[in-house]
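File shown here: data35.tsv, holding TSV, C-alpha atoms.
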```tsv
chain	number	residue	atom	x	y	z
A	748	MET	CA	111.11	120.44	81.23
A	749	ILE	CA	109.22	119.20	84.28
A	750	GLY	CA	111.48	116.12	84.43
A	751	ALA	CA	114.61	118.29	84.43
A	752	ALA	CA	113.23	120.51	87.19
A	753	ARG	CA	112.40	117.47	89.33
A	754	LYS	CA	115.85	116.01	88.75
A	755	THR	CA	117.44	119.30	89.84
A	756	ALA	CA	115.21	119.42	92.94
A	757	GLY	CA	116.07	115.79	93.69
A	758	MET	CA	119.81	116.43	93.41
A	759	ALA	CA	119.54	119.43	95.76
A	760	LEU	CA	117.67	117.31	98.31
A	761	TYR	CA	120.21	114.53	97.81
A	762	SER	CA	123.12	116.84	98.61
A	763	GLU	CA	121.51	118.18	101.77
A	764	LEU	CA	120.27	114.81	103.04
A	765	SER	CA	123.52	112.92	102.33
A	766	ASP	CA	125.30	115.08	104.89
A	767	ARG	CA	122.64	114.63	107.59
A	768	VAL	CA	121.46	111.04	107.60
A	769	HIS	CA	122.81	107.54	108.11
A	770	GLY	CA	121.84	105.22	105.30
A	771	PRO	CA	121.52	105.52	101.54
A	772	VAL	CA	120.05	108.59	99.84
A	773	LEU	CA	118.85	107.72	96.35
A	774	VAL	CA	117.44	109.66	93.39
A	775	PRO	CA	115.48	108.32	90.39
A	776	GLY	CA	117.59	106.27	87.98
A	777	GLU	CA	120.23	105.49	90.60
A	778	PRO	CA	120.98	101.83	91.46
A	779	GLY	CA	118.91	100.81	94.48
A	780	TYR	CA	116.19	103.48	94.06
A	781	GLU	CA	113.55	101.07	92.73
A	782	ASP	CA	114.56	98.33	95.19
A	783	GLU	CA	114.15	100.69	98.12
A	784	LEU	CA	110.59	101.50	97.01
A	785	ALA	CA	109.62	97.89	96.21
A	786	GLY	CA	106.58	96.51	97.96
A	787	PHE	CA	103.50	94.39	97.59
A	788	GLN	CA	101.19	97.17	96.41
A	789	THR	CA	102.12	98.22	92.91
A	790	ASP	CA	98.97	100.01	91.73
A	791	GLU	CA	100.05	103.55	92.58
A	792	PRO	CA	103.80	103.53	93.33
A	793	HIS	CA	105.74	106.23	95.13
A	794	ARG	CA	107.76	108.42	92.75
A	795	PRO	CA	109.69	110.70	95.11
A	796	ASP	CA	112.48	113.09	94.22
A	797	VAL	CA	114.57	111.33	96.89
A	798	VAL	CA	114.24	108.09	98.86
A	799	VAL	CA	116.17	107.71	102.10
A	800	GLY	CA	117.03	104.30	103.57
A	801	ALA	CA	116.56	105.32	107.18
A	802	GLN	CA	118.41	103.84	110.10
A	803	ASP	CA	116.99	106.49	112.44
A	804	ALA	CA	114.05	108.39	110.94
A	805	ALA	CA	114.30	111.43	113.24
A	806	ALA	CA	116.89	113.24	111.10
A	807	GLU	CA	114.97	112.60	107.88
A	808	VAL	CA	111.66	113.80	109.31
A	809	ALA	CA	113.24	116.92	110.81
A	810	PHE	CA	114.90	117.72	107.47
A	811	ALA	CA	111.70	117.30	105.47
A	812	ALA	CA	109.56	119.22	107.98
A	813	ALA	CA	111.68	122.38	107.86
A	814	PRO	CA	110.76	123.41	104.27
A	815	ALA	CA	107.43	121.49	104.48
A	816	LEU	CA	108.32	118.93	101.82
A	817	PRO	CA	105.84	116.18	101.02
A	818	VAL	CA	106.90	113.10	102.99
A	819	ALA	CA	105.79	109.47	102.95
A	820	VAL	CA	107.03	106.54	104.99
A	821	HIS	CA	107.56	103.20	103.29
A	822	ALA	CA	108.05	100.13	105.46
A	823	ALA	CA	107.28	96.60	104.26
A	824	GLY	CA	105.11	97.67	101.34
A	825	HIS	CA	101.77	96.39	102.65
A	826	GLY	CA	98.85	98.70	103.35
A	827	ARG	CA	100.40	101.76	101.78
A	828	GLY	CA	98.13	104.65	100.89
A	829	ALA	CA	98.36	106.77	97.74
A	830	GLY	CA	101.76	107.01	96.11
A	831	LEU	CA	103.82	110.14	96.75
A	832	ASP	CA	104.80	112.16	93.68
A	833	GLY	CA	107.88	114.25	94.45
A	834	GLY	CA	109.22	115.03	97.90
A	835	VAL	CA	110.95	112.51	100.16
A	836	VAL	CA	110.12	108.88	100.92
A	837	ILE	CA	111.63	107.52	104.12
A	838	SER	CA	112.16	103.77	103.87
A	839	THR	CA	112.23	102.11	107.31
A	840	ARG	CA	113.25	98.62	106.14
A	841	ARG	CA	116.63	98.94	107.90
A	842	MET	CA	114.98	99.66	111.25
A	843	HIS	CA	114.21	96.12	112.38
A	844	GLY	CA	115.09	95.88	116.07
A	845	VAL	CA	112.76	93.99	118.42
A	846	ARG	CA	112.96	93.87	122.23
A	847	VAL	CA	110.61	91.67	124.21
A	848	TYR	CA	109.97	92.25	127.92
A	849	PRO	CA	108.69	88.86	129.11
A	850	ASP	CA	107.61	90.06	132.56
A	851	THR	CA	105.05	92.43	131.03
A	852	GLY	CA	104.40	90.70	127.70
A	853	VAL	CA	105.30	93.94	125.93
A	854	ALA	CA	107.57	94.30	122.91
A	855	HIS	CA	109.24	97.37	121.47
A	856	VAL	CA	109.22	96.95	117.70
A	857	ALA	CA	111.14	99.18	115.29
A	858	ALA	CA	109.31	100.68	112.31
A	859	GLY	CA	110.66	98.25	109.71
A	860	ALA	CA	110.40	94.97	111.64
A	861	HIS	CA	108.46	92.09	110.12
A	862	TRP	CA	106.23	89.73	112.07
A	863	ALA	CA	108.77	86.91	111.64
A	864	GLN	CA	111.30	88.93	113.65
A	865	VAL	CA	108.75	89.68	116.37
A	866	ALA	CA	107.62	86.04	116.53
A	867	GLU	CA	111.21	84.79	116.85
A	868	ALA	CA	111.99	87.25	119.65
A	869	ALA	CA	108.74	86.45	121.48
A	870	ALA	CA	109.23	82.67	121.14
A	871	GLU	CA	112.48	82.89	123.09
A	872	HIS	CA	110.30	83.80	126.10
A	873	GLY	CA	107.43	81.39	125.40
A	874	LEU	CA	105.28	84.20	123.99
A	875	ALA	CA	103.55	84.72	120.65
A	876	PRO	CA	102.42	87.95	118.97
A	877	LEU	CA	98.95	88.49	117.52
A	878	SER	CA	100.40	88.48	114.03
A	879	GLY	CA	99.07	87.69	110.60
A	880	SER	CA	99.73	84.51	108.68
A	881	PHE	CA	102.50	85.88	106.44
A	882	PRO	CA	105.85	86.42	108.21
A	883	ALA	CA	107.03	89.21	105.87
A	884	VAL	CA	104.19	91.58	106.82
A	885	GLY	CA	105.47	94.66	108.63
A	886	ALA	CA	104.53	94.51	112.31
A	887	VAL	CA	104.02	98.24	112.85
A	888	GLY	CA	101.90	98.76	109.74
A	889	CYS	CA	99.78	95.74	110.62
A	890	LEU	CA	99.21	97.04	114.15
A	891	LEU	CA	98.33	100.53	112.94
A	892	GLY	CA	95.86	99.01	110.47
A	893	GLY	CA	94.16	96.89	113.12
A	894	GLY	CA	95.89	93.56	112.66
A	895	LEU	CA	93.35	90.78	112.43
A	896	GLY	CA	95.47	87.65	112.32
A	897	LEU	CA	95.19	83.91	112.90
A	898	MET	CA	94.44	84.24	116.62
A	899	GLY	CA	92.00	87.09	116.06
A	900	ARG	CA	88.85	85.07	116.72
A	901	ARG	CA	90.05	84.31	120.21
A	902	TYR	CA	91.95	87.49	121.11
A	903	GLY	CA	90.59	90.16	118.75
A	904	TRP	CA	92.48	92.81	116.82
A	905	ALA	CA	96.22	93.06	117.50
A	906	ALA	CA	95.90	96.87	117.78
A	907	ASP	CA	93.69	96.38	120.85
A	908	HIS	CA	96.57	94.76	122.69
```
For this file, produce the structure as C-alpha cells.
Amino acid sequence: MIGAARKTAGMALYSELSDRVHGPVLVPGEPGYEDELAGFQTDEPHRPDVVVGAQDAAAEVAFAAAPALPVAVHAAGHGRGAGLDGGVVISTRRMHGVRVYPDTGVAHVAAGAHWAQVAEAAAEHGLAPLSGSFPAVGAVGCLLGGGLGLMGRRYGWAADH
C-alpha cells in the first residue's frame, strides 16, 4: 500500500511540476528516471517521488518550498550526502554554462558544470582553475566541499579562491 500511495503522490507532483518547469519531470519506472539520478556514489541512492531535470532551478525550488517537500539537489554525483526518500530531486546536469572574466580571473560556473568545461573556458584566456584530476567532477560541488586538487600544494584549497 505504501508503494501505491507514493506513486499517487509522485503523479500529483508530476502534474504540478510539468506545467511550471523547463526540462524533464520523471517519476519512478519512467524511462530516464534512473539515468537522471545516476552518479558515482551508489551506496545510498536517491529514491524521490519525482526527479526534475532542471534548466533553471529557481522554479523547482520555489515549487518544493511552498508545501515544504523534502528536496535534494543532484549534480555530477560526487560528494552527495544521504539519499533522499520521497520528495523532489532537482538534477542540475543540464545547467552547464561557464563564463570566464579574464581581467579579474573570476568565473561564473553553473550548478551542473564539470571541471573539464571550466578548464576549457579558462584556457581560452591563458588561465587554469584549481580543479581536481578528473574532468567529470562537478565544479560547484568540488568547490563547496573544499576542492583539494593537483595544484593544491602550491595554491591551497580551491574554495579559498
Seminar exercise, completed: Closest of A:Val836, A:Val853, A:Leu877, A:Leu773 to Gly899 (chain A), counting all atoms listed in the file, is A:Leu877
For this session: Could you check which of A:Ile837, A:Pro795, A:Ala815, A:Ala863 is closest to Val768 (chain A), using only C-alpha atoms?
Result: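 For Val768 (chain A), the nearest of the candidates is A:Ile837.
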Exercise. Do you have the CA of Gly888 (chain A)-CA of Glu781 (chain A) distance handy?
Worked result: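 Here the two named atoms are 20.7 Å from each other.
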Exercise. Taking into account only C-alpha atoms, which residue in the set A:Gln802, A:Phe881, A:Gly830, A:His769 is nearest to Gly859 (chain A)?
Worked result: A:Gln802
For this session: Name all residues at most 8 Å from Pro817 (chain A) (count all atoms listed in the file; drop same-chain ones fewer than 5 positions away) and give them as a VMD selection string.
Result: chain A and resid 811 831 833 to 835
Exercise. Which is closer to Ala822 (chain A) than all the others in A:Met842, A:Leu890, A:Ala870, A:Ala854, using all atoms listed in the file?
Worked result: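 Using all atoms listed in the file, the shortest distance to Ala822 (chain A) belongs to A:Met842.
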Around (109.2, 92.8, 116.8), as given in the file, which residues come within 8 Å? Count only C-alpha atoms and list them as a compact mmCIF listing (two decimals) with C-alpha atoms, keeping the file's coordinate frame.
```
# COMPACT_ATOMS: atom_id res chain seq x y z
CA HIS A 843 114.21 96.12 112.38
CA GLY A 844 115.09 95.88 116.07
CA VAL A 845 112.76 93.99 118.42
CA ARG A 846 112.96 93.87 122.23
CA VAL A 847 110.61 91.67 124.21
CA ALA A 854 107.57 94.30 122.91
CA HIS A 855 109.24 97.37 121.47
CA VAL A 856 109.22 96.95 117.70
CA ALA A 857 111.14 99.18 115.29
CA ALA A 860 110.40 94.97 111.64
CA HIS A 861 108.46 92.09 110.12
CA TRP A 862 106.23 89.73 112.07
CA ALA A 863 108.77 86.91 111.64
CA GLN A 864 111.30 88.93 113.65
CA VAL A 865 108.75 89.68 116.37
CA ALA A 866 107.62 86.04 116.53
CA ALA A 868 111.99 87.25 119.65
CA ALA A 869 108.74 86.45 121.48
CA ALA A 886 104.53 94.51 112.31
```
Exercise. Between A:Ala805, A:Val798, A:Ala875, A:Val772, which is the closest to Leu784 (chain A) once you count all atoms listed in the file?
Worked result: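 Nearest to Leu784 (chain A): A:Val798.
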Problem set entry | CA of Gly779 (chain A) to CA of Ser838 (chain A), straight-line distance in Å | 11.9 Å
Exercise. So what do you get for CA of His821 (chain A) versus CA of Val884 (chain A), distance-wise?
Worked result: 12.6 Å
For this session: Go through A:Pro775, A:Gly852, A:Pro876, A:Gly800 one by one, measure the shortest atom-to-atom distance of each to Tyr902 (chain A) using all atoms listed in the file, and give the residue with the smallest value.
Result: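 Ranking A:Pro775, A:Gly852, A:Pro876, A:Gly800 by distance to Tyr902 (chain A), first place goes to A:Pro876.
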Padding 3 Å on every side, please: axis-aligned box over the listed atoms of region 857-868 of chain A, centre and edge lengths to one decimal in Å, as AutoDock Vina command-line options.
```
--center_x 109.1 --center_y 92.7 --center_z 114.7 --size_x 11.8 --size_y 21.9 --size_z 15.9
```
